[in-house]
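Undergrad: Sending over upload-v3.tsv (TSV, C-alpha atoms (C1' of nucleotides)).
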```tsv
chain	number	residue	atom	x	y	z
A	1	MET	CA	160.72	-77.01	32.26
A	2	ASN	CA	164.02	-78.85	32.67
A	3	SER	CA	165.63	-81.23	30.22
A	4	GLU	CA	164.69	-84.32	32.25
A	5	ASN	CA	161.00	-83.61	31.91
A	6	ILE	CA	161.47	-83.11	28.20
A	7	PHE	CA	163.11	-86.54	27.96
A	8	ALA	CA	160.17	-88.23	29.67
A	9	LYS	CA	157.68	-86.20	27.67
A	10	LYS	CA	159.20	-87.09	24.31
A	11	LEU	CA	159.29	-90.73	25.26
A	12	ASN	CA	155.70	-90.58	26.38
A	13	LEU	CA	154.49	-89.01	23.13
A	14	TRP	CA	156.37	-91.58	21.10
A	15	TYR	CA	154.96	-94.45	23.17
A	16	ARG	CA	151.41	-93.25	22.65
A	17	ARG	CA	151.83	-93.45	18.89
A	18	HIS	CA	154.11	-96.44	18.46
A	19	SER	CA	153.70	-98.94	21.29
A	20	ARG	CA	152.52	-102.41	20.44
A	21	ASP	CA	149.06	-103.46	21.50
A	22	LEU	CA	149.80	-106.38	23.82
A	23	PRO	CA	147.27	-108.31	25.96
A	24	TRP	CA	148.87	-107.36	29.30
A	25	ARG	CA	148.79	-103.69	28.36
A	26	ARG	CA	144.98	-103.83	28.37
A	27	THR	CA	144.74	-104.58	32.07
A	28	GLN	CA	145.45	-102.82	35.34
A	29	ASP	CA	145.18	-106.02	37.36
A	30	PRO	CA	148.47	-106.36	39.32
A	31	TYR	CA	148.15	-110.14	39.26
A	32	LYS	CA	147.97	-110.24	35.46
A	33	ILE	CA	150.81	-107.78	35.10
A	34	TRP	CA	152.90	-109.91	37.45
A	35	ILE	CA	152.23	-113.06	35.41
A	36	SER	CA	153.09	-111.30	32.16
A	37	GLU	CA	156.33	-109.90	33.57
A	38	ILE	CA	157.48	-113.31	34.75
A	39	MET	CA	156.60	-114.87	31.40
A	40	LEU	CA	158.44	-112.10	29.54
A	41	GLN	CA	161.70	-112.83	31.35
A	42	GLN	CA	164.12	-114.52	28.97
A	43	THR	CA	161.25	-115.03	26.57
A	44	THR	CA	160.09	-113.21	23.46
A	45	VAL	CA	156.76	-111.40	23.24
A	46	THR	CA	155.43	-113.61	20.45
A	47	ALA	CA	156.16	-116.74	22.46
A	48	VAL	CA	154.50	-115.33	25.55
A	49	ILE	CA	151.17	-114.13	24.06
A	50	PRO	CA	149.43	-117.53	23.68
A	51	TYR	CA	150.69	-118.75	27.05
A	52	TYR	CA	149.53	-115.58	28.74
A	53	GLU	CA	146.03	-115.76	27.25
A	54	LYS	CA	145.67	-119.41	28.19
A	55	TRP	CA	147.04	-118.86	31.70
A	56	ILE	CA	144.63	-116.04	32.45
A	57	LYS	CA	141.73	-118.16	31.25
A	58	GLU	CA	142.87	-121.09	33.37
A	59	PHE	CA	143.80	-119.01	36.44
A	60	PRO	CA	141.85	-115.72	36.39
A	61	THR	CA	142.98	-114.74	39.91
A	62	VAL	CA	145.90	-115.25	42.27
A	63	GLN	CA	143.63	-117.51	44.36
A	64	ASP	CA	143.18	-119.83	41.39
A	65	VAL	CA	146.94	-120.19	41.11
A	66	ALA	CA	147.39	-120.71	44.85
A	67	ARG	CA	144.96	-123.61	45.05
A	68	ALA	CA	145.96	-125.31	41.80
A	69	PRO	CA	148.15	-128.42	42.02
A	70	LEU	CA	151.73	-127.87	40.84
A	71	GLN	CA	151.19	-130.35	38.01
A	72	LYS	CA	148.50	-128.15	36.53
A	73	ILE	CA	150.72	-125.07	36.91
A	74	LEU	CA	153.58	-126.77	35.11
A	75	LYS	CA	151.26	-128.13	32.44
A	76	ASN	CA	150.28	-124.57	31.58
A	77	TRP	CA	153.96	-123.55	31.46
A	78	GLN	CA	155.03	-126.51	29.31
A	79	GLY	CA	157.18	-125.27	26.40
A	80	LEU	CA	157.92	-121.82	27.82
A	81	GLY	CA	161.17	-122.89	29.48
A	82	TYR	CA	162.80	-121.90	32.79
A	83	TYR	CA	160.29	-123.91	34.78
A	84	THR	CA	161.36	-122.57	38.15
A	85	ARG	CA	159.54	-119.40	37.07
A	86	ALA	CA	156.27	-121.35	37.19
A	87	LYS	CA	157.10	-122.98	40.51
A	88	ASN	CA	157.97	-119.58	41.95
A	89	ILE	CA	154.66	-118.12	40.75
A	90	HIS	CA	152.92	-121.00	42.50
A	91	LYS	CA	154.81	-120.46	45.77
A	92	SER	CA	154.41	-116.69	45.67
A	93	ALA	CA	150.69	-116.98	44.93
A	94	GLN	CA	150.25	-119.13	48.03
A	95	ILE	CA	152.21	-116.65	50.16
A	96	ILE	CA	150.20	-113.75	48.74
A	97	VAL	CA	146.92	-115.50	49.56
A	98	GLU	CA	147.98	-116.71	53.01
A	99	GLN	CA	149.96	-113.73	54.27
A	100	TYR	CA	148.75	-110.74	52.26
A	101	GLN	CA	145.00	-111.39	51.95
A	102	GLY	CA	145.41	-112.18	48.27
A	103	LYS	CA	146.78	-108.72	47.48
A	104	ILE	CA	150.24	-108.28	45.98
A	105	PRO	CA	152.27	-106.26	48.51
A	106	GLN	CA	153.17	-102.73	47.41
A	107	ASP	CA	156.25	-102.39	49.61
A	108	PRO	CA	159.37	-103.20	47.58
A	109	LYS	CA	161.04	-104.83	50.60
A	110	GLU	CA	158.10	-107.16	51.14
A	111	LEU	CA	157.77	-107.91	47.45
A	112	LYS	CA	161.45	-108.75	47.12
A	113	LYS	CA	161.01	-111.55	49.67
A	114	LEU	CA	158.68	-113.50	47.39
A	115	PRO	CA	160.26	-116.19	45.23
A	116	GLY	CA	160.77	-115.03	41.65
A	117	PHE	CA	160.71	-111.34	42.57
A	118	GLY	CA	164.17	-110.03	41.74
A	119	PRO	CA	164.98	-106.34	41.16
A	120	TYR	CA	163.42	-106.30	37.70
A	121	THR	CA	160.11	-107.89	38.65
A	122	VAL	CA	159.74	-105.76	41.77
A	123	GLY	CA	160.25	-102.59	39.72
A	124	ALA	CA	157.97	-103.79	36.94
A	125	VAL	CA	155.04	-104.77	39.15
A	126	LEU	CA	155.29	-101.71	41.39
A	127	SER	CA	155.61	-99.21	38.58
A	128	ILE	CA	153.37	-100.76	35.94
A	129	ALA	CA	150.58	-102.02	38.19
A	130	PHE	CA	150.70	-99.42	40.96
A	131	ASP	CA	152.38	-96.51	39.19
A	132	LYS	CA	155.03	-96.32	41.91
A	133	ARG	CA	158.11	-94.27	41.19
A	134	GLN	CA	160.30	-97.37	40.99
A	135	PRO	CA	162.95	-97.90	38.32
A	136	ILE	CA	162.94	-100.88	35.98
A	137	ILE	CA	166.30	-102.00	34.69
A	138	ASP	CA	166.25	-104.66	32.04
A	139	ALA	CA	168.53	-105.24	29.04
A	140	ASN	CA	166.56	-102.70	26.97
A	141	VAL	CA	166.81	-99.98	29.59
A	142	ARG	CA	170.52	-100.60	30.11
A	143	ARG	CA	171.13	-100.22	26.39
A	144	VAL	CA	169.03	-97.07	25.97
A	145	VAL	CA	170.57	-95.32	28.95
A	146	MET	CA	174.14	-96.37	28.16
A	147	ARG	CA	173.66	-94.85	24.71
A	148	GLN	CA	172.04	-91.67	26.02
A	149	LEU	CA	175.09	-91.16	28.24
A	150	ALA	CA	177.66	-92.78	25.92
A	151	VAL	CA	178.79	-95.01	28.77
A	152	ALA	CA	181.65	-97.32	27.83
A	153	GLY	CA	181.68	-100.99	28.73
A	154	TYR	CA	179.48	-104.04	28.63
A	155	ALA	CA	175.78	-103.99	29.41
A	156	GLY	CA	175.57	-105.71	32.77
A	157	PRO	CA	174.68	-105.24	36.41
A	158	SER	CA	177.97	-103.39	36.96
A	159	GLN	CA	176.43	-100.48	35.03
A	160	ASP	CA	173.38	-100.27	37.26
A	161	PRO	CA	174.60	-97.50	39.58
A	162	VAL	CA	174.95	-95.14	36.59
A	163	ILE	CA	171.66	-96.30	35.06
A	164	LEU	CA	169.91	-95.82	38.38
A	165	GLN	CA	171.30	-92.32	38.77
A	166	PHE	CA	169.99	-91.40	35.33
A	167	LEU	CA	166.56	-92.93	35.97
A	168	GLU	CA	166.29	-91.19	39.32
A	169	ARG	CA	166.64	-87.89	37.45
A	170	VAL	CA	164.22	-88.58	34.61
A	171	MET	CA	161.46	-90.68	36.18
A	172	PRO	CA	158.26	-88.62	36.42
A	173	GLN	CA	156.35	-88.35	39.71
A	174	LYS	CA	153.18	-89.45	38.00
A	175	GLY	CA	152.91	-91.66	34.96
A	176	ASN	CA	156.06	-93.60	35.75
A	177	ASN	CA	154.20	-96.72	34.64
A	178	ILE	CA	154.04	-95.39	31.08
A	179	PHE	CA	157.54	-93.96	31.26
A	180	ASN	CA	159.14	-97.27	32.21
A	181	GLN	CA	157.22	-99.16	29.57
A	182	ALA	CA	158.14	-96.54	27.00
A	183	LEU	CA	161.82	-96.87	27.84
A	184	MET	CA	161.70	-100.64	27.40
A	185	GLU	CA	159.59	-100.37	24.24
A	186	LEU	CA	162.06	-97.92	22.76
A	187	GLY	CA	164.86	-100.40	23.45
A	188	ALA	CA	162.87	-103.18	21.82
A	189	LEU	CA	161.69	-101.31	18.71
A	190	VAL	CA	164.15	-98.46	18.03
A	191	CYS	CA	167.21	-98.45	20.26
A	192	ARG	CA	167.86	-102.06	19.35
A	193	ASN	CA	170.94	-104.17	19.82
A	194	GLY	CA	173.49	-103.78	17.05
A	195	GLU	CA	172.43	-101.13	14.56
A	196	PRO	CA	169.68	-99.01	16.10
A	197	ALA	CA	167.10	-96.95	14.19
A	198	CYS	CA	168.41	-93.56	15.32
A	199	LEU	CA	166.75	-91.66	12.49
A	200	ILE	CA	163.31	-92.30	13.94
A	201	CYS	CA	164.33	-92.06	17.58
A	202	PRO	CA	162.36	-89.61	19.75
A	203	VAL	CA	165.33	-89.00	22.06
A	204	GLN	CA	168.02	-88.75	19.42
A	205	SER	CA	168.76	-85.12	20.29
A	206	THR	CA	169.94	-86.01	23.81
A	207	CYS	CA	171.78	-89.17	22.79
A	208	GLN	CA	175.53	-88.85	23.38
A	209	ALA	CA	176.27	-92.10	21.56
A	210	TYR	CA	174.46	-90.85	18.45
A	211	LYS	CA	176.29	-87.55	18.63
A	212	LYS	CA	179.62	-89.40	18.65
A	213	GLU	CA	178.41	-91.91	16.06
A	214	ARG	CA	179.14	-94.67	18.50
A	215	GLN	CA	175.60	-96.05	18.79
A	216	SER	CA	176.53	-99.41	17.26
A	217	LEU	CA	179.54	-99.73	19.57
A	218	ILE	CA	177.60	-99.07	22.77
A	219	PRO	CA	177.14	-101.18	24.74
A	220	ALA	CA	180.35	-103.09	23.98
A	221	SER	CA	179.66	-106.60	22.81
A	222	GLN	CA	179.91	-109.09	25.60
A	223	LYS	CA	183.37	-110.41	26.26
A	224	ARG	CA	182.98	-114.09	25.67
A	225	VAL	CA	183.81	-116.27	28.57
A	226	ILE	CA	186.09	-118.92	27.20
A	227	LYS	CA	185.86	-121.96	29.39
A	228	GLU	CA	188.82	-124.28	29.35
A	229	VAL	CA	187.93	-127.89	28.99
A	230	GLU	CA	190.46	-130.68	29.56
A	231	ALA	CA	189.64	-133.90	27.77
A	232	VAL	CA	191.30	-137.22	27.04
A	233	ILE	CA	191.26	-138.91	23.66
A	234	ALA	CA	191.79	-142.66	23.33
A	235	LEU	CA	193.68	-143.74	20.25
A	236	ILE	CA	192.96	-147.44	19.90
A	237	LYS	CA	194.91	-149.17	17.15
A	238	LYS	CA	194.46	-152.68	15.76
A	239	ASP	CA	195.86	-154.12	12.54
A	240	GLY	CA	196.94	-150.64	11.46
A	241	LYS	CA	193.45	-149.19	11.91
A	242	TYR	CA	192.09	-146.74	14.46
A	243	PHE	CA	188.79	-146.97	16.28
A	244	ILE	CA	186.24	-144.13	15.87
A	245	GLN	CA	182.59	-143.71	16.78
A	246	ARG	CA	179.73	-141.59	15.54
A	247	ARG	CA	178.20	-138.94	17.80
A	248	PRO	CA	174.44	-138.87	18.43
A	249	SER	CA	172.23	-137.18	15.79
A	250	LYS	CA	171.32	-134.40	18.21
A	251	GLY	CA	173.43	-131.91	20.09
A	252	LEU	CA	177.05	-130.85	19.75
A	253	PHE	CA	178.78	-132.13	16.62
A	254	ALA	CA	175.76	-134.20	15.67
A	255	ASP	CA	176.56	-137.24	13.46
A	256	LEU	CA	180.25	-136.40	13.28
A	257	TRP	CA	182.85	-139.11	13.93
A	258	GLU	CA	185.38	-138.92	16.74
A	259	PHE	CA	187.76	-140.94	18.85
A	260	PRO	CA	186.51	-142.28	22.17
A	261	GLY	CA	187.22	-140.08	25.18
A	262	GLY	CA	185.73	-137.32	27.25
A	263	LYS	CA	186.18	-134.66	29.88
A	264	ILE	CA	188.64	-135.03	32.70
A	265	GLU	CA	186.65	-134.63	35.90
A	266	LYS	CA	187.74	-132.33	38.70
A	267	GLY	CA	190.57	-133.89	40.70
A	268	GLU	CA	190.91	-136.74	38.23
A	269	SER	CA	194.17	-137.58	36.47
A	270	ALA	CA	194.22	-137.74	32.69
A	271	LYS	CA	195.02	-141.42	32.85
A	272	ALA	CA	192.15	-142.18	35.23
A	273	ALA	CA	189.80	-140.24	32.94
A	274	LEU	CA	191.04	-142.27	29.99
A	275	TYR	CA	190.37	-145.60	31.73
A	276	ARG	CA	186.96	-144.40	32.87
A	277	GLU	CA	185.83	-143.07	29.49
A	278	VAL	CA	186.91	-146.20	27.64
A	279	LYS	CA	185.04	-148.31	30.20
A	280	GLU	CA	181.92	-146.12	29.91
A	281	GLU	CA	181.86	-145.74	26.15
A	282	LEU	CA	183.20	-149.08	24.96
A	283	ASP	CA	182.72	-151.27	28.03
A	284	ALA	CA	186.37	-152.27	27.66
A	285	GLU	CA	189.38	-152.40	30.00
A	286	VAL	CA	192.50	-150.42	29.17
A	287	ARG	CA	195.50	-152.69	29.66
A	288	SER	CA	198.15	-150.02	29.12
A	289	ALA	CA	198.28	-146.45	27.85
A	290	ASN	CA	200.93	-144.00	26.66
A	291	PHE	CA	200.60	-140.26	26.41
A	292	LEU	CA	201.29	-139.13	22.83
A	293	PHE	CA	200.65	-135.40	22.45
A	294	GLN	CA	198.25	-132.55	23.22
A	295	VAL	CA	196.04	-130.64	20.81
A	296	GLN	CA	194.31	-127.33	21.46
A	297	GLN	CA	190.99	-126.54	19.87
A	298	PHE	CA	189.11	-123.25	20.15
A	299	TYR	CA	185.35	-123.02	19.95
A	300	THR	CA	183.04	-120.05	20.38
A	301	GLN	CA	182.23	-120.85	23.95
A	302	PHE	CA	185.16	-122.91	25.15
A	303	LYS	CA	188.75	-123.93	24.57
A	304	ALA	CA	189.47	-127.63	24.64
A	305	ASN	CA	192.81	-129.17	25.56
A	306	LEU	CA	192.77	-132.65	24.11
A	307	HIS	CA	195.21	-135.08	25.74
A	308	VAL	CA	195.83	-137.84	23.23
A	309	TRP	CA	196.80	-141.31	24.50
A	310	SER	CA	197.45	-144.53	22.69
A	311	CYS	CA	195.80	-147.49	24.37
A	312	GLU	CA	196.11	-151.24	24.50
A	313	LEU	CA	192.83	-152.88	25.43
A	314	ALA	CA	192.15	-156.24	27.04
A	315	SER	CA	189.54	-156.87	24.35
A	316	TYR	CA	188.63	-154.86	21.30
A	317	PRO	CA	185.22	-153.40	20.40
A	318	LYS	CA	183.35	-154.60	17.32
A	319	ALA	CA	182.55	-152.44	14.33
A	320	ASP	CA	178.93	-151.61	13.51
A	321	GLU	CA	176.84	-148.74	12.09
A	322	THR	CA	178.23	-146.23	14.55
A	323	HIS	CA	181.62	-147.76	15.38
A	324	LYS	CA	184.36	-148.21	12.80
A	325	TRP	CA	187.95	-149.30	12.43
A	326	VAL	CA	189.56	-146.92	9.99
A	327	ALA	CA	192.97	-146.84	8.30
A	328	ARG	CA	194.85	-143.54	8.34
A	329	ARG	CA	194.42	-143.05	4.59
A	330	HIS	CA	190.64	-143.46	4.84
A	331	PHE	CA	189.93	-140.86	7.52
A	332	ASP	CA	188.91	-138.33	4.90
A	333	ARG	CA	185.75	-140.39	4.34
A	334	TYR	CA	184.49	-139.56	7.83
A	335	PRO	CA	183.30	-136.09	8.85
A	336	MET	CA	184.94	-135.11	12.13
A	337	PRO	CA	185.04	-132.07	14.43
A	338	SER	CA	188.07	-129.91	13.72
A	339	GLY	CA	189.76	-130.92	16.97
A	340	SER	CA	189.67	-134.56	15.87
A	341	VAL	CA	190.96	-133.61	12.42
A	342	LYS	CA	193.99	-132.01	14.06
A	343	ILE	CA	194.69	-135.31	15.80
A	344	VAL	CA	194.31	-137.30	12.61
A	345	GLU	CA	196.77	-135.00	10.87
A	346	ARG	CA	199.42	-136.00	13.37
A	347	LEU	CA	198.94	-139.73	12.87
A	348	PRO	CA	201.53	-141.46	10.67
A	349	TYR	CA	200.45	-143.36	7.58
A	350	ALA	CA	201.09	-147.07	7.91
A	351	ARG	CA	203.68	-148.03	5.34
B	1	DG	C1'	175.24	-123.46	14.34
B	2	DT	C1'	175.35	-118.16	17.45
B	3	DC	C1'	173.30	-114.75	20.34
B	4	DC	C1'	170.16	-113.24	23.85
B	5	DG	C1'	168.31	-112.72	28.81
B	6	DG	C1'	166.16	-112.17	34.90
B	7	DT	C1'	166.65	-114.95	39.15
B	8	DT	C1'	168.89	-117.92	42.11
B	9	DG	C1'	172.57	-120.40	44.14
B	10	DT	C1'	177.50	-120.98	44.42
C	1	DA	C1'	181.60	-112.58	40.04
C	2	DC	C1'	179.73	-116.40	37.68
C	3	DA	C1'	177.17	-120.58	36.16
C	4	DA	C1'	172.76	-122.84	35.53
C	5	DC	C1'	168.36	-122.59	33.93
C	6	DC	C1'	165.66	-122.93	28.52
C	7	DG	C1'	163.70	-121.74	24.13
C	8	DG	C1'	163.29	-118.57	20.21
C	9	DA	C1'	165.24	-115.60	16.57
C	10	DC	C1'	168.46	-115.46	13.21
```
Once you've parsed the file, please lay out its structure as structure tokens.

TA:
Amino acid sequence: MNSENIFAKKLNLWYRRHSRDLPWRRTQDPYKIWISEIMLQQTTVTAVIPYYEKWIKEFPTVQDVARAPLQKILKNWQGLGYYTRAKNIHKSAQIIVEQYQGKIPQDPKELKKLPGFGPYTVGAVLSIAFDKRQPIIDANVRRVVMRQLAVAGYAGPSQDPVILQFLERVMPQKGNNIFNQALMELGALVCRNGEPACLICPVQSTCQAYKKERQSLIPASQKRVIKEVEAVIALIKKDGKYFIQRRPSKGLFADLWEFPGGKIEKGESAKAALYREVKEELDAEVRSANFLFQVQQFYTQFKANLHVWSCELASYPKADETHKWVARRHFDRYPMPSGSVKIVERLPYAR
DNA sequence: GTCCGGTTGT
DNA sequence: ACAACCGGAC
């Protein structure tokens, strides 16, 4: 027996003892497996379980989905997120009923044509429901295989040729349904992101990452994509005080205070953006504006270049609960995002 | 607040 | 190649 068969065998034995008992693992119905796989995309198991149970009760067959109005479909998806998944199930169900006699096609090329069937879902449905020798590559599988082979780099589609080559070697002829699920389950329960539980891993002995003690470094953590954002800030001064406003209670920088302003749109000049933002936020006309300085602020997900302008307005906004006129020496009373603090620090004290 | 993740459309 | 889609875990 070669080493590949041993890999699959070990995984299989482990899965038999340690896999979770989940509703969609108690059925062979391709339709139900399809629904569960779509629900499980981008969504945790615990969130899916109640939706899955309810869905199957509401729509026991693909025909029930196909003839249901979209409103009812969406109602049953409400709260799960990524609503195009539900719409795609609806469309695909109708195609399956009309063009495939209500049977999910078993040809990967045909299946791939249906909306919502990307590479993952095609592999999942064909292998889990029909025990086809099709690979499944999801985030779990990428991580497990990258560690087995000690592949450097980020976990992403660019790794798939190597992953595929490995899977092609180790996938069993029969029982690939269990093998694929075992691989994913191992990724979810043992070969987890960050610090994996190598001491209880059934395939530790073949794991190159473990051998090199690099299991927590593989895959490399995602390079963050720093987006650059250009924004204008309006410094509006009256009687030695500056105008600030409070952000909404929800979302980014909730309840913090900031100067009026906003993103510069594509193809827009900073000055035009300034006039537009002041009009939108304060319903006021800028009479004249002077560029003062630029401030850079880094966040986790983006880098903001704040263009600070001093403005003269045709008429000045009134103060209320969420809009204030504040003297330089009183800014420390107002919580602000760090980018705004940097601006305040460059403002002179009135003498 | 940060991180995570399949499919689709650009 | 990359952003948009969304909610849950932490």

Undergrad: Calculated over only C-alpha atoms (C1' of nucleotides), which of the candidates A:Gln208, A:Gln173, A:Asn193, A:Asn290 has the smallest distance to DC4 of chain B?

TA: A:Asn193

Undergrad: Within 9 Å of chain A, which residues of chain C are there when counting all atoms listed in the file? Please give them as a list in words.

TA: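 Every residue of chain C that passes the 9 Å test is in DC5, DC6, DG7, DG8 and DA9 of chain C.
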
Undergrad: How far is it from atom C1' of DT7 of chain B to atom CA of Arg169 of chain A, in Å with one decimal?

TA: 27.1 Å

Undergrad: When distances are computed from all atoms listed in the file, which of A:Ile200, A:Pro69, A:Arg16, A:Phe117 shows the smallest separation from DG6 of chain B?

TA: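 Checking each candidate against DG6 of chain B, we get A:Phe117 as the closest.
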
Undergrad: Find the residues near segment 110-115 of chain A: any atom within 10 Å, counting only C-alpha atoms (C1' of nucleotides), skip ones fewer than 6 places away on the same chain, and give them as JSON, numbers by chain.

TA: {"A": [84, 85, 87, 88, 89, 90, 91, 92, 93, 95, 96, 104, 121, 122, 123, 125, 126], "B": [7, 8]}

Undergrad: What residues in chain A have any atom no more than 7 Å from chain B when counting all atoms listed in the file, and can you write them as a short mmCIF file (atom, residue, chain, number, x, y, z; two decimals) with C-alpha atoms, in the coordinates of the input?

TA:
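Okay, this is what ended up in out_22.cif:
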```cif
data_model
loop_
_atom_site.label_atom_id
_atom_site.label_comp_id
_atom_site.auth_asym_id
_atom_site.auth_seq_id
_atom_site.Cartn_x
_atom_site.Cartn_y
_atom_site.Cartn_z
CA GLN A 41 161.70 -112.83 31.35
CA GLN A 42 164.12 -114.52 28.97
CA GLY A 116 160.77 -115.03 41.65
CA GLY A 118 164.17 -110.03 41.74
#
```

Undergrad: Rounded to one decimal in Å, what is the spacing between atom CA of Ser19 of chain A and atom CA of Arg147 of chain A?

TA: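 Calculated distance between atom CA of Ser19 of chain A and atom CA of Arg147 of chain A is 20.7 Å.
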
Undergrad: Report the distance between atom CA of Pro172 of chain A and atom CA of Lys212 of chain A in Å, rounded to one decimal place.

TA: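 A separation of 27.8 Å between them.
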
Undergrad: Determine, counting only C-alpha atoms (C1' of nucleotides), which protein, DNA and RNA residues have an atom within 8 Å of an atom of Val48 of chain A; residues of the same chain fewer than 6 positions away are not included. Present the result as a ChimeraX atom specification.

TA: /A:36,39-40,80

Undergrad: Can you write out the residues you just picked, keeping C-alpha atoms, as a CSV table (one decimal), in the frame of the given file?

TA:
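Just written: again_27.csv:
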```
chain,number,residue,atom,x,y,z
A,36,SER,CA,153.1,-111.3,32.2
A,39,MET,CA,156.6,-114.9,31.4
A,40,LEU,CA,158.4,-112.1,29.5
A,80,LEU,CA,157.9,-121.8,27.8
```
